[in-house]
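Have a look at the structure below before the remarks.
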Amino acid sequence: ATMHQLLADVILVIHALFVTFVVCGLVLTVIGATQKWQWIRNPWFRVAHLIAIGIVVAQAWLGSSCPLTIWENRARQAGGGTGYTGSCIEYWLHQLIFYDFEPWVFTLAYTLFGMLVALTWILAPPTRTLWRREG
C-alpha cells in the first residue's frame with residue numbers, strides 16, 4: 001500500500017510539473033517577447049510547449065481523462081485510498097477555491113489557453129536557425 005501511495009504522489013508531482021510547464025511557459029514566453037529574451041524563441045522549448053497544451057486541449061475536446069490522472073487514481077486505489085471524482089485540475093481547483101465548475105468551463109479554458117499559446121507563435125515566433133545543428 002505504501003509503494004502505491006508513493007507512486008501516486010510521484011505521479012502527482014509529475015502532473016504538477018507538467019501544469020507548471022504549460023502555464024509558466026506561456027507567461028515566460030509573453031514576458032520574454034516584451035523583454036527580448038532570446039531563449040523564448042528556442043524552437044525545442046516552443047514545440048514542446050505547444051505539444052503539451054495541444055494534448056490538454058485535445059483531451060478536453062475528446063472528453064477523455066488525462067493519463068496522469070488515471071494512473072494516479074489507480075495507484076491511490078491500489079494503495080487503499082480514493083481517487084479523484086473528476087480531473088486532477090478540477091479536483092485541486094475545488095480544493096483551492098471551493099467551487100465546482102462544469103466540465104465545459106475547463107474545455108473552454110484549455111481551448112482559450114491553447115489559442116494564446118498559438119498566438120505567441122505569431123507574435124514571438126521561434127527562431128528558425130536554432131533548428132539546425134551547429135557543426
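Each chain in the C-alpha cells gets a letter, A, B, ..., in the order shown, and its residues are numbered from 1; ligands are numbered from 1 in order too.
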
If we count only C-alpha atoms and set the cut-off at 8 Å, which residues sit around Thr82 of chain A, ignoring sequence neighbours fewer than 3 positions away in its own chain? Please answer as a VMD selection string. chain A and resid 73 76 to 77

Name all residues at most 10 Å from Thr111 of chain A (count only C-alpha atoms; drop same-chain ones fewer than 2 positions away) and give them as a VMD selection string. chain A and resid 53 to 54 56 to 58 60 to 61 105 to 109 113 to 117

Limited to N, CA and C atoms, could you put the picked residues into a file as a short mmCIF file (atom, residue, chain, number, x, y, z; two decimals), in the first residue's frame?
data_model
loop_
_atom_site.label_atom_id
_atom_site.label_comp_id
_atom_site.auth_asym_id
_atom_site.auth_seq_id
_atom_site.Cartn_x
_atom_site.Cartn_y
_atom_site.Cartn_z
N ILE A 53 0.27 21.79 -24.44
CA ILE A 53 -1.07 22.35 -24.34
C ILE A 53 -1.98 21.73 -25.39
N GLY A 54 -1.44 21.33 -26.52
CA GLY A 54 -2.23 20.65 -27.54
C GLY A 54 -2.83 19.35 -27.03
N VAL A 56 -3.52 18.68 -23.89
CA VAL A 56 -4.56 19.05 -22.92
C VAL A 56 -5.85 19.45 -23.64
N VAL A 57 -5.72 20.29 -24.66
CA VAL A 57 -6.90 20.74 -25.41
C VAL A 57 -7.58 19.56 -26.10
N ALA A 58 -6.79 18.71 -26.74
CA ALA A 58 -7.37 17.54 -27.43
C ALA A 58 -8.12 16.64 -26.45
N ALA A 60 -9.50 17.50 -23.65
CA ALA A 60 -10.72 18.19 -23.21
C ALA A 60 -11.81 18.08 -24.27
N TRP A 61 -11.45 18.30 -25.53
CA TRP A 61 -12.44 18.23 -26.60
C TRP A 61 -12.95 16.81 -26.81
N VAL A 105 -16.52 24.35 -18.78
CA VAL A 105 -15.72 25.51 -18.38
C VAL A 105 -14.23 25.19 -18.55
N PHE A 106 -13.84 23.97 -18.17
CA PHE A 106 -12.45 23.57 -18.32
C PHE A 106 -12.08 23.43 -19.80
N THR A 107 -12.99 22.87 -20.59
CA THR A 107 -12.73 22.74 -22.02
C THR A 107 -12.52 24.12 -22.64
N LEU A 108 -13.38 25.07 -22.29
CA LEU A 108 -13.24 26.44 -22.79
C LEU A 108 -11.93 27.06 -22.32
N ALA A 109 -11.60 26.91 -21.05
CA ALA A 109 -10.36 27.49 -20.51
C ALA A 109 -9.14 26.90 -21.19
N PHE A 113 -6.60 28.98 -23.58
CA PHE A 113 -5.19 28.97 -23.23
C PHE A 113 -4.36 28.46 -24.43
N GLY A 114 -4.84 27.40 -25.06
CA GLY A 114 -4.15 26.87 -26.24
C GLY A 114 -4.09 27.89 -27.37
N MET A 115 -5.16 28.66 -27.53
CA MET A 115 -5.17 29.71 -28.54
C MET A 115 -4.15 30.80 -28.22
N LEU A 116 -3.99 31.11 -26.94
CA LEU A 116 -2.97 32.09 -26.55
C LEU A 116 -1.57 31.57 -26.86
N VAL A 117 -1.34 30.28 -26.60
CA VAL A 117 -0.04 29.69 -26.93
C VAL A 117 0.20 29.78 -28.44
#

Selection: 10 Å around segment 30-40 of chain A, only C-alpha atoms, excl. self and same-chain fewer than 3 positions, as number ranges by chain: A: 24-27, 43-46, 116-117, 120, 123-127

For segment 5-18 of chain A, work out the shell of residues within 10 Å, counting only C-alpha atoms and skipping chain neighbours fewer than 2 positions away, then give it as a PyMOL selection string. chain A and resi 1-3+20-24+49+52-53+66-81+83+88-89

What would the file look like if the residues just selected were written as a short mmCIF file (atom, residue, chain, number, x, y, z; two decimals), in the first residue's frame with C-alpha atoms?
data_model
loop_
_atom_site.label_atom_id
_atom_site.label_comp_id
_atom_site.auth_asym_id
_atom_site.auth_seq_id
_atom_site.Cartn_x
_atom_site.Cartn_y
_atom_site.Cartn_z
CA ALA A 1 0.00 0.00 0.00
CA THR A 2 2.81 2.40 0.85
CA MET A 3 4.51 1.84 -2.52
CA THR A 20 3.64 24.39 -14.28
CA PHE A 21 5.48 24.00 -17.59
CA VAL A 22 2.31 24.74 -19.58
CA VAL A 23 1.23 27.75 -17.51
CA CYS A 24 4.65 29.26 -16.80
CA HIS A 49 5.16 23.76 -25.03
CA ALA A 52 1.89 19.97 -24.14
CA ILE A 53 -1.07 22.35 -24.34
CA CYS A 66 -5.52 12.76 -18.59
CA PRO A 67 -3.41 9.58 -18.38
CA LEU A 68 -1.56 11.03 -15.39
CA THR A 69 -4.85 11.42 -13.52
CA ILE A 70 -5.89 7.88 -14.44
CA TRP A 71 -2.55 6.42 -13.30
CA GLU A 72 -2.57 8.41 -10.08
CA ASN A 73 -6.13 7.32 -9.30
CA ARG A 74 -5.27 3.67 -9.94
CA ALA A 75 -2.20 3.88 -7.73
CA ARG A 76 -4.16 5.54 -4.92
CA GLN A 77 -6.94 2.96 -5.15
CA ALA A 78 -4.42 0.11 -5.21
CA GLY A 79 -2.93 1.59 -2.06
CA GLY A 80 -6.31 1.59 -0.33
CA GLY A 81 -7.12 5.26 -0.95
CA GLY A 83 -9.02 8.75 -6.49
CA CYS A 88 -6.84 16.44 -11.36
CA ILE A 89 -7.10 20.16 -12.18
#

Any idea what the distance is between atom CA of Asn42 of chain A and atom CA of Leu119 of chain A? 16.0 Å

Apply DSSP to the backbone of this structure and, from segment 40-129 of chain A, keep only the residues in helix (DSSP H, G or I); write these as a count of residues only. 67
